[in-house]
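Have a look at the structure below before the remarks.
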Amino acid sequence: MRLLIIEDNKELSKELEKIFKREKFTVSIETDGSKAIDTILSENFDMIILDLMLPMFNGFQILKIIREEDIKTPVLILTARDNINDRVKGLDLGADDYLTKPFSTSELLARIRAVLRRSGEESKNVIETENLKLDLKSKEIFLDGKKLDLTLKEFMILEFLILNKNKPVSKFDIAEHIWGDSYDILSTSNFVEVHIKNIRKKLQKFTDKKIITTVRGVGYKIK
């Protein structure tokens with residue numbers, strides 16, 4: 001489980017990091033609102049712990065931006081602001097829960113478990129990015145509701161790109177994901193390029209939008 005803490009109080013963020021690492025979370029920390037937005041847009045997290053009073057962009061602004069970008073990562077607001085209007089605003093903007101400081105560790109962890117339970121069933125089996133929907137259980141991918149007719153390797157490549165959405169993925173990363181340690185470095189690049197070309201052709205049957213972009217010198221990316 002990957003968890004992002006967005007908190008400008010460095011002492012508190014380090015204390016939260018210790019708490020969550022004891023619970024076996026992988027933890028990242030951002031103390032600046034602007035950098036936090038960049039991190040959320042470029043990386044995948046299972047949950048976000050969000051303070052409201054932050055430099056550059058406050059918590060409300062961060063929440064508004066990521067929900068407008070259709071990022072559905074569960075968010076728990078953790079703040080000293082206990083005004084009922086702030087609570088209502090945070091929940092209306094898309095927060096999954098709201099907890100005020102000071103807080104007990106046991107309540108914080110209980111709230112996190114509850115939020116993850118509520119969001120877990122759908123997020124465990126279905127991943128969405130813009131107009132693509134991937135069903136991990138049935139191994140099917142839909143574009144604007146239309147099922148794509150993909151080979152198993154094409155599915156695995158597109159799945160890998162969707163799981164790493166907004167993040168450039170190299171041809172060798174793709175090859176390692178598909179073929180494991182048995183891939184041949186000399187032929188890998190061509191294999192991946194052929195599969196990407198075929199996937200693009202199948203996507204183009206339903207949309208003119210460029211879904212898989214080439215990142216020069218790196219590989220490929222889905223936004």
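Residues in the structure tokens are numbered from 1 in each chain, the chains being A, B, ... in the order shown, and ligands are numbered from 1 in the order shown.
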
Each residue of range 76-155 of chain A with at least one atom at most 7 Å from range 60-70 of chain A should appear once, together with its nearest atom pair and the corresponding distance in Å (one decimal); atoms considered: only C-alpha atoms; ordering: chain, then increasing residue number; output as a tab-separated table.
```
residue	atom	partner	partner_atom	distance
A:Gly90	CA	A:Phe60	CA	6.5
A:Leu93	CA	A:Lys64	CA	5.9
A:Gly94	CA	A:Arg67	CA	6.8
```

Can those selected residues be exported to a file as a short mmCIF file (atom, residue, chain, number, x, y, z; two decimals), in the first residue's frame so that it contains C-alpha atoms?
```cif
data_model
loop_
_atom_site.label_atom_id
_atom_site.label_comp_id
_atom_site.auth_asym_id
_atom_site.auth_seq_id
_atom_site.Cartn_x
_atom_site.Cartn_y
_atom_site.Cartn_z
CA GLY A 90 -13.78 19.31 2.07
CA LEU A 93 -14.87 18.69 -2.98
CA GLY A 94 -14.36 14.93 -2.87
#
```

For this session: Write out as a ChimeraX atom specification all residues of range 2-83 of chain A that backbone DSSP assigns to strand (DSSP E or B).
Result: /A:2-6,26-30,47-50,75-79

Seminar exercise, completed: Using only C-alpha atoms, the best pick from A:Ala114, A:Leu109, A:Ile48, A:Ile29 as closest to Ile77 in chain A would be A:Ile48

For this session: Might you pull out every residue within 12 Å of range 130-141 of chain A, with only C-alpha atoms counted and same-chain residues fewer than 6 positions away left off, and present them as a count of residues only?
Result: 39

For this session: One decimal, Å: what's the distance from CA of Ser28 in chain A over to CA of Pro74 in chain A, could you say?
Result: 15.2 Å
